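Engineer: Here's a structure for you.
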Amino acid sequence: MSDRAEKMAWFKAQILPHEAALRRRLAALRIPDIEDVVSEVLTRAYSIDNWPRMDQGRALVFQIARNLLVDAARRHAIVSIDFVADLETLHLDDGGPSPEATAAARDELRQLQRALDALPPQPRRVFLMRRVQELSPQEIAAELHLSVSTVEKHLAKAMVAVTRALGATEPVSRPGADKDRWRRTKR
Amino acid sequence: MDAAAALFARVQSGSADAAEVDAWLDADPTHAVAFARVESAWERAERLKALPPSALALEPAFLPTRRMAAALAVGMVGAGAAGAWWLTRRPIETTARGERRTVALPDGSRIELNTDSRIAVAYSDSRRDIVLTRGEALFDVAKDPSRPFIVQAGEAQVRAVGTAFNIRLRDKVVELTVTEGVVAVDERAAKTPPRHVPEGKGAVIATGAVAEVDLDPEVLRRRLLWRDGVVEFEGDTLEQAAAEFNRYNDRKLVVADPQVASIRVGGRFGTHEVDRFLGALQAGFPVRAMPGEGGVTYLVHADSHGPESFSRG
């Protein structure tokens, strides 16, 4: 595995599972432009130099978010003291998923279905044939009388919707989904 | 995200090459982040496979607009046919490692898939074709004399009218076990007429050869134990027992010491009870289980110090 492949595996195991929790916390603090903040936090987390030694993903995500927002608040010099005080509590969110988060996790499937139901029929059909029935894109193209590149476009469209929906939903920790899986390739 | 999803879709169909993917991912950290998000969503969406097909409401309910209604009226015949296809045919069925599942087919036949298995289903008016491309399955075939039920598995072709039988794809051979009725077995290249194998018997099919075997009722019973999620050993070698557990579990047992490979073991275990098996093994035999990298457990002689001690020796 290349260094980047390992880093992406680390990122998926350690950072991404906390995306929804971060989003929820930012919303609770009424932070504007949540999407931009989330993107910036994720990019900074990905760009961290000593990532192989980082195994407290949740704390890292919240720490980065706090620093980012404190910097932004200082630059604008217009924020209230209350707001800065609130930010200090941002990274204290912890102690694991809240009861709402657990309920939200149970909702993962429902969110997925909702996102799929909002799609036009072709992208939805292509996505289900690929993901659930495990047909190859070539087989799907043959079945639906489409070109492979059209199948790719439908799948891409479905993936944008699915990624958005799941990014806002806390992941269900599955038995067998090993948080430290990325480490196995090391040592 | 749009660009990442587009690239992801092209990787799926093999139309993006590795160099192109690498270059794009390395160009900007936001690219890698977006791609990781798409991949991660894809992995999480695998849960959909656990839902019954009806729960996915395979066609979305939508109310046609006036303009669409006109188009629909014209295209109704074609759309109806496509809809019927979707309802009656789920062409590929798979199970993950450790999973077991029953597939109900529209004619009332049922296929039970064991761990890590894959079948393709193609029904027409004149025949019912199934291809077993991986793993093991038990076929419970509904009677329909006008449409033979034909299973292709490796070099074997098994034809049934109304019967039940189990097929397991092993490394070099196909293993058939007939539990009810009679099936006709053929080797693809063989010039001899098909053999009829009755209930309670089995056959081993290899390239160019079909050998019928009598099965002890005890052997017959053990061959179908997988349906209860159980493995049973009776004088099997440690090597065979390890291979059997490895079929069901991501965590792998590797017999790393020729001294212990031929130890004969007995006992009954759940397909996932690797730890219980290892416990019993270490308690009863001079065997030591050593955890290694990547979820591998090495089985060595109790006197050895590690896999290195003999791989170097």
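Labels used: A, B, ... for chains in the order of the structure tokens, numbers from 1 for residues in each chain, and numbers from 1 for ligands as shown.
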Which residues of chain B sit at most 7 Å from chain A, using only C-alpha atoms? Give each one's shortest atom pair and distance in Å (one decimal place), in chain and ascending residue order, as CSV.

Structural biologist:
```
residue,atom,partner,partner_atom,distance
B:Met1,CA,A:Val160,CA,6.7
B:Asp2,CA,A:Val160,CA,6.4
B:Ala5,CA,A:Ala156,CA,4.8
B:Ala6,CA,A:Ala156,CA,4.8
B:Ala9,CA,A:Glu152,CA,5.1
B:Arg10,CA,A:Glu152,CA,6.0
B:Ser13,CA,A:Pro137,CA,5.4
B:Pro29,CA,A:Thr43,CA,6.2
B:Thr30,CA,A:Thr43,CA,5.8
B:Val33,CA,A:Thr43,CA,6.3
B:Ala36,CA,A:Lys12,CA,6.4
B:Arg37,CA,A:Thr163,CA,6.6
B:Val38,CA,A:Thr163,CA,5.5
B:Ser40,CA,A:Lys12,CA,6.5
B:Ala41,CA,A:Thr163,CA,5.1
B:Glu46,CA,A:Arg131,CA,6.6
B:Leu48,CA,A:Val132,CA,6.5
B:Lys49,CA,A:Val132,CA,5.1
B:Pro60,CA,A:Asp117,CA,5.8
B:Ile92,CA,A:Gln133,CA,5.9
B:Glu93,CA,A:Gln133,CA,6.6
B:Glu293,CA,A:Arg184,CA,6.3
B:Gly294,CA,A:Arg184,CA,5.1
```

Engineer: To one decimal place, how far is atom CA of Pro194 of chain B from atom CA of Glu218 of chain B in Å?

Structural biologist: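 Value for the atom CA of Pro194 of chain B-atom CA of Glu218 of chain B distance: 27.0 Å.
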
Engineer: So which residues touch Val61 of chain A within 8 Å, counting only C-alpha atoms, skipping near sequence neighbours fewer than 4 positions away, as a ChimeraX atom specification?

Structural biologist: /A:15,18,22,41-42,45,57,65

Engineer: Give me every strand (DSSP E or B) residue in segment 172-221 of chain B, going by DSSP on the backbone, as JSON, numbers by chain.

Structural biologist: {"B": [174, 175, 176, 177, 178, 179, 180, 182, 183, 184, 185, 186, 187, 195, 196, 197, 198, 201, 202, 203, 204, 205, 206, 209, 210, 211, 212, 213, 214]}

Engineer: Put those residues in a file: C-alpha atoms, as a CSV table (one decimal), in the first residue's frame.

Structural biologist:
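Full text of part-v4.csv as output:
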```csv
chain,number,residue,atom,x,y,z
B,174,VAL,CA,-17.1,-30.0,-7.5
B,175,GLU,CA,-18.9,-31.9,-4.7
B,176,LEU,CA,-22.5,-32.9,-5.2
B,177,THR,CA,-24.8,-34.2,-2.5
B,178,VAL,CA,-28.3,-35.3,-3.3
B,179,THR,CA,-30.8,-35.1,-0.4
B,180,GLU,CA,-34.1,-35.7,-2.3
B,182,VAL,CA,-32.7,-37.7,-8.5
B,183,VAL,CA,-30.4,-35.4,-10.4
B,184,ALA,CA,-28.6,-35.9,-13.7
B,185,VAL,CA,-24.9,-35.0,-13.6
B,186,ASP,CA,-22.7,-34.2,-16.5
B,187,GLU,CA,-19.1,-33.0,-16.9
B,195,ARG,CA,-25.2,-40.0,-14.7
B,196,HIS,CA,-28.3,-40.2,-12.5
B,197,VAL,CA,-27.5,-39.7,-8.9
B,198,PRO,CA,-30.3,-40.6,-6.4
B,201,LYS,CA,-25.7,-40.4,-2.8
B,202,GLY,CA,-23.2,-37.9,-4.0
B,203,ALA,CA,-20.7,-37.3,-6.8
B,204,VAL,CA,-17.4,-35.7,-7.3
B,205,ILE,CA,-16.9,-33.9,-10.6
B,206,ALA,CA,-13.5,-33.0,-11.9
B,209,ALA,CA,-14.6,-37.2,-14.9
B,210,VAL,CA,-17.7,-37.8,-12.8
B,211,ALA,CA,-17.4,-40.3,-9.9
B,212,GLU,CA,-20.5,-41.3,-8.0
B,213,VAL,CA,-20.0,-41.9,-4.3
B,214,ASP,CA,-22.1,-43.7,-1.7
```

Engineer: Excluding Val121 of chain B and its own-chain neighbours fewer than 6 positions away, which residues fall within 10 Å of it when counting only C-alpha atoms? Please give them as a ChimeraX atom specification.

Structural biologist: /B:89-93,105,128-132,151
